[in-house]
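All remarks here apply to the structure that follows.
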Amino acid sequence: MTAQVQGPAAGALRARDLLAALAVVILWGVNFVAMKWGLRSFSPFQLGAARYLCAALPLVLLVRPPRVHWRWVLMFGLFQGVGQFGFLFIGLQVGMTAGLASVLLQTQVFFTALFGFAMLRERPGLPLRWGMVLAALGLVCFAMNYVGPGSGVGVAAATTLGGLLLTLCGAAMWASSNIVARLAQQQSPGYDPLAFVIWSSAVPVLPFVALSAMFDPDAARWLQWQTLANVPLLAWGSVAYLGWVATIVGYGLWTNLLQRYPANRVAPFSLGVPVVGLTTGWLVLGEGVAPWQWAGIALVVAALACVVLGPKIQAKIASSA
């Protein structure tokens with residue numbers, strides 16, 4: 001059965017929704033630099049716990065629970081929180097640049113389309129299919145910088161196979177959370193997406209704390225006030241950005257879009273995140289941008305333009321026929 005959505009889901013996004021999608025692109029692109037800064041002071045599990053504790057408090061005390069079944073809140077929190085960012089944070093630590101992570105994480109578009117077809121019977125339209133082809137070529141260009149001549153030096157030397165695989169696992173978890181949001185919409189049309197994100201942000205905190213207690217050798221020192229006092233302001237700023245801006249604002253807007261449009265219609269907008277991620281990684285962290293990466297950026301921008309403008313062009317052609 002085809003998923004039912006509210007609003008003009010079959011056509012182009014409204015102007016307001018398009019601006020919201022582009023805002024998410026910018027917020028999430030800068031997100032990767034904040035992650036790198038945070039991992040200088042926290043382990044991956046500690047940064048995950050801090051991020052979601054910041055995202056949940058104090059808003060979880062002020063916002064009513066969303067009118068959806070609790071299993072969707074729990075599943076979204078586990079997939080999008082523990083799954084996506086658990087894998088991603090570890091990948092960034094063991095060998096992954098912020099810029100390349102912003103690219104590889106966008107393979108969630110392909111995972112989302114695959115999961116959406118298998119579970120929701122959402123069939124991609126022609127503009128989306130062409131956009132995915134262009135995006136795939138863009139990802140190939142990015143990969144060429146790491147497998148071609150000179151791959152063991154320069155920018156490529158900052159990445160490892162483990163970091164690559166972990167980041168791809170994070171992308172699959174992101175796609176899973178997209179599908180959970182859509183399933184929640186099917187069962188409870190019109191639920192509050194902001195409340196959904198806020199309450200689901202409380203879910204990853206205890207799992208991340210438990211993982212830190214089990215695997216971080218220095219976990220006990222965080223029970224001491226002096227340890228918290230010695231954390232640099234930049235690290236706390238990173239946590240605040242990750243928790244409030246990237247999670248609450250970013251995922252609030254993202255989930256709102258998923259609530260009213262098919263998952264395979266919304267997900268391609270994240271293809272613009274690598275453009276911002278690579279640029280900020282280059283400007284802020286000094287990460288290099290190789291010729292292959294510039295080619296990939298051009299193809300990703302073309303893919304995004306295809307997905308955004310394609311339905312409008314199709315509609316004009318149909319109306320004039």
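Chains: A, B, ... in order of the structure tokens. Residues: from 1 per chain. Ligands: from 1, in order shown.
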
Write out as a list in words which residues come within 9 Å of Leu194 of chain A when counting only C-alpha atoms, dropping same-chain ones fewer than 5 positions away. Val63, Pro66, Trp199, Ile248, Val249, Tyr251, Gly252, Leu253, Thr255 and Asn256 of chain A

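Every protein, DNA or RNA residue with an atom at most 9 Å from segment 223-236 of chain A, where only C-alpha atoms count and chain neighbours fewer than 3 positions away do not, is listed here: A:Ala34, A:Trp37, A:Gly38, A:Leu39, A:Arg40, A:Ser41, A:Phe42, A:Ala219, A:Ala220, A:Val239, A:Ala240, A:Tyr241.
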
Store the residues picked out above, limited to C-alpha atoms, as a PDB file, in the first residue's frame.
```pdb
ATOM      1  CA  ALA A  34      31.371  20.894  15.825  1.00  0.00           C
ATOM      2  CA  TRP A  37      35.828  19.963  18.156  1.00  0.00           C
ATOM      3  CA  GLY A  38      33.743  18.018  20.669  1.00  0.00           C
ATOM      4  CA  LEU A  39      35.748  14.813  20.161  1.00  0.00           C
ATOM      5  CA  ARG A  40      38.903  16.640  21.253  1.00  0.00           C
ATOM      6  CA  SER A  41      37.545  16.636  24.822  1.00  0.00           C
ATOM      7  CA  PHE A  42      34.994  13.797  24.902  1.00  0.00           C
ATOM      8  CA  ALA A 219      34.448   7.187  32.430  1.00  0.00           C
ATOM      9  CA  ALA A 220      34.562   7.461  36.226  1.00  0.00           C
ATOM     10  CA  VAL A 239      27.801  20.230  22.654  1.00  0.00           C
ATOM     11  CA  ALA A 240      25.306  23.112  22.708  1.00  0.00           C
ATOM     12  CA  TYR A 241      25.392  23.400  18.923  1.00  0.00           C
TER      13      TYR A 241
END
```

Can you pull out the residues contacting Thr160 of chain A? Cut-off 9 Å, using only C-alpha atoms, and skip same-chain residues under 6 positions away; I want them as an MDAnalysis selection string. chainID A and resid 91 94:96

At a cut-off of 8 Å, can you tabulate as JSON lines every residue of segment 211-308 of chain A near segment 108-128 of chain A together with its closest atom pair and the distance in Å to one decimal, using only C-alpha atoms and ordering rows by chain then number?
```
{"residue": "A:Pro262", "atom": "CA", "partner": "A:Glu122", "partner_atom": "CA", "distance": 7.0}
{"residue": "A:Ala263", "atom": "CA", "partner": "A:Gly116", "partner_atom": "CA", "distance": 6.7}
{"residue": "A:Asn264", "atom": "CA", "partner": "A:Ala113", "partner_atom": "CA", "distance": 5.3}
{"residue": "A:Arg265", "atom": "CA", "partner": "A:Leu128", "partner_atom": "CA", "distance": 7.5}
{"residue": "A:Ala267", "atom": "CA", "partner": "A:Val109", "partner_atom": "CA", "distance": 5.5}
{"residue": "A:Pro268", "atom": "CA", "partner": "A:Val109", "partner_atom": "CA", "distance": 5.8}
{"residue": "A:Ser270", "atom": "CA", "partner": "A:Val109", "partner_atom": "CA", "distance": 7.7}
{"residue": "A:Leu271", "atom": "CA", "partner": "A:Val109", "partner_atom": "CA", "distance": 7.9}
{"residue": "A:Cys306", "atom": "CA", "partner": "A:Pro127", "partner_atom": "CA", "distance": 5.9}
{"residue": "A:Val307", "atom": "CA", "partner": "A:Leu128", "partner_atom": "CA", "distance": 5.3}
```

Store the residues picked out above in a file with N, CA, C and O atoms, as a PDB file, in the first residue's frame.
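Output (again_3.pdb):
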```
ATOM      1  N   PRO A 262       6.834  12.305   1.046  1.00  0.00           N
ATOM      2  CA  PRO A 262       7.443  10.971   1.036  1.00  0.00           C
ATOM      3  C   PRO A 262       8.922  11.032   1.419  1.00  0.00           C
ATOM      4  O   PRO A 262       9.620  12.001   1.107  1.00  0.00           O
ATOM      5  N   ALA A 263       9.404   9.986   2.076  1.00  0.00           N
ATOM      6  CA  ALA A 263      10.789   9.960   2.534  1.00  0.00           C
ATOM      7  C   ALA A 263      11.766  10.123   1.376  1.00  0.00           C
ATOM      8  O   ALA A 263      12.781  10.814   1.497  1.00  0.00           O
ATOM      9  N   ASN A 264      11.455   9.483   0.224  1.00  0.00           N
ATOM     10  CA  ASN A 264      12.393   9.581  -0.894  1.00  0.00           C
ATOM     11  C   ASN A 264      12.300  10.924  -1.611  1.00  0.00           C
ATOM     12  O   ASN A 264      13.078  11.191  -2.524  1.00  0.00           O
ATOM     13  N   ARG A 265      11.372  11.786  -1.204  1.00  0.00           N
ATOM     14  CA  ARG A 265      11.276  13.143  -1.746  1.00  0.00           C
ATOM     15  C   ARG A 265      12.076  14.129  -0.893  1.00  0.00           C
ATOM     16  O   ARG A 265      12.595  15.125  -1.400  1.00  0.00           O
ATOM     17  N   ALA A 267      14.661  13.125   1.512  1.00  0.00           N
ATOM     18  CA  ALA A 267      16.034  12.700   1.767  1.00  0.00           C
ATOM     19  C   ALA A 267      17.064  13.288   0.803  1.00  0.00           C
ATOM     20  O   ALA A 267      18.175  13.631   1.237  1.00  0.00           O
ATOM     21  N   PRO A 268      16.776  13.441  -0.509  1.00  0.00           N
ATOM     22  CA  PRO A 268      17.805  13.963  -1.416  1.00  0.00           C
ATOM     23  C   PRO A 268      18.309  15.356  -1.079  1.00  0.00           C
ATOM     24  O   PRO A 268      19.395  15.734  -1.527  1.00  0.00           O
ATOM     25  N   SER A 270      19.487  16.322   1.566  1.00  0.00           N
ATOM     26  CA  SER A 270      20.702  16.197   2.373  1.00  0.00           C
ATOM     27  C   SER A 270      21.945  16.088   1.502  1.00  0.00           C
ATOM     28  O   SER A 270      23.063  16.155   2.010  1.00  0.00           O
ATOM     29  N   LEU A 271      21.769  15.936   0.180  1.00  0.00           N
ATOM     30  CA  LEU A 271      22.921  15.888  -0.713  1.00  0.00           C
ATOM     31  C   LEU A 271      23.673  17.219  -0.745  1.00  0.00           C
ATOM     32  O   LEU A 271      24.820  17.282  -1.186  1.00  0.00           O
ATOM     33  N   CYS A 306      18.540  18.972  -9.718  1.00  0.00           N
ATOM     34  CA  CYS A 306      17.657  18.063 -10.440  1.00  0.00           C
ATOM     35  C   CYS A 306      16.464  17.674  -9.577  1.00  0.00           C
ATOM     36  O   CYS A 306      15.320  17.671 -10.041  1.00  0.00           O
ATOM     37  N   VAL A 307      16.716  17.366  -8.314  1.00  0.00           N
ATOM     38  CA  VAL A 307      15.646  16.939  -7.411  1.00  0.00           C
ATOM     39  C   VAL A 307      14.700  18.100  -7.094  1.00  0.00           C
ATOM     40  O   VAL A 307      13.479  17.935  -7.037  1.00  0.00           O
TER      41      VAL A 307
END
```

Within 10 Å of Ala135 of chain A, counting only C-alpha atoms, which residues qualify if same-chain residues fewer than 3 places away don't, as number ranges by chain? A: 106-107, 109-110, 129-132, 138-141, 268, 271, 296-304

Quick one: distance from atom CA of Ser102 of chain A to atom CA of Leu242 of chain A in Å, one decimal? 14.6 Å

Taking a cut-off of 8 Å and counting only C-alpha atoms, can you build a table that, for each residue of segment 93-131 of chain A near segment 272-291 of chain A, reports the nearest atom pair and how far apart they are in Å (one decimal), sorted by chain then residue number, as CSV?
```
residue,atom,partner,partner_atom,distance
A:Thr97,CA,A:Glu287,CA,7.5
A:Ala98,CA,A:Gly281,CA,5.9
A:Gly99,CA,A:Leu278,CA,4.0
A:Leu100,CA,A:Leu278,CA,7.0
A:Ser102,CA,A:Pro274,CA,4.8
A:Val103,CA,A:Pro274,CA,4.7
A:Gln106,CA,A:Pro274,CA,7.7
```

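Each of A:Leu309, A:Ala184, A:Arg260, A:Leu206 was checked against Trp70 of chain A using only C-alpha atoms; the smallest atom-to-atom distance is that of A:Ala184.
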
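Among the candidates A:Phe89, A:Trp294, A:Phe79, A:Phe269, the one nearest to Val180 of chain A when counting only C-alpha atoms is A:Phe79.
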
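The space separating atom CA of Met75 of chain A from atom CA of Ser200 of chain A comes to 8.3 Å.
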
With only C-alpha atoms as the counted atoms, please give the residues lying no more than 8 Å from Val209 of chain A, apart from itself and same-chain residues fewer than 4 positions off, as JSON, numbers by chain. {"A": [45, 46, 49, 205, 213]}

For N, CA, C and O atoms, I'd like the residues from the last selection saved as a PDB file, in the first residue's frame.
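Output file out-v5.pdb follows:
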```
ATOM      1  N   PHE A  45      31.155   8.105  22.940  1.00  0.00           N
ATOM      2  CA  PHE A  45      29.966   7.820  23.747  1.00  0.00           C
ATOM      3  C   PHE A  45      29.651   8.980  24.692  1.00  0.00           C
ATOM      4  O   PHE A  45      28.485   9.299  24.936  1.00  0.00           O
ATOM      5  N   GLN A  46      30.687   9.617  25.225  1.00  0.00           N
ATOM      6  CA  GLN A  46      30.470  10.759  26.108  1.00  0.00           C
ATOM      7  C   GLN A  46      29.886  11.938  25.337  1.00  0.00           C
ATOM      8  O   GLN A  46      28.986  12.632  25.825  1.00  0.00           O
ATOM      9  N   ALA A  49      26.204  11.193  24.731  1.00  0.00           N
ATOM     10  CA  ALA A  49      25.379  11.422  25.918  1.00  0.00           C
ATOM     11  C   ALA A  49      25.189  12.915  26.163  1.00  0.00           C
ATOM     12  O   ALA A  49      24.068  13.372  26.459  1.00  0.00           O
ATOM     13  N   VAL A 205      20.328   8.978  25.773  1.00  0.00           N
ATOM     14  CA  VAL A 205      21.206   9.400  26.863  1.00  0.00           C
ATOM     15  C   VAL A 205      21.689   8.214  27.691  1.00  0.00           C
ATOM     16  O   VAL A 205      22.900   8.001  27.868  1.00  0.00           O
ATOM     17  N   ALA A 213      30.353   3.795  30.225  1.00  0.00           N
ATOM     18  CA  ALA A 213      30.774   3.094  31.443  1.00  0.00           C
ATOM     19  C   ALA A 213      31.440   1.761  31.125  1.00  0.00           C
ATOM     20  O   ALA A 213      32.373   1.336  31.818  1.00  0.00           O
TER      21      ALA A 213
END
```

Pick out each residue of segment 84-195 of chain A that DSSP on the backbone tags as alpha helix (DSSP H); I need them as a PyMOL selection string. chain A and resi 86-95+98-104+108-115+126-147+161-187+193-195

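Proximity to Gly86 of chain A was assessed for A:Arg67, A:Phe208, A:Leu53, A:Leu165 counting only C-alpha atoms; the smallest distance is recorded for A:Phe208.
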
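Pairwise distance (atom CA of Phe76 of chain A, atom CA of Ala50 of chain A) equals 18.0 Å.
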
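Comparing A:Ile317, A:Ala101, A:Ser201, A:Pro58 by their smallest distance to Gly29 of chain A, the closest is A:Ala101 (using only C-alpha atoms).
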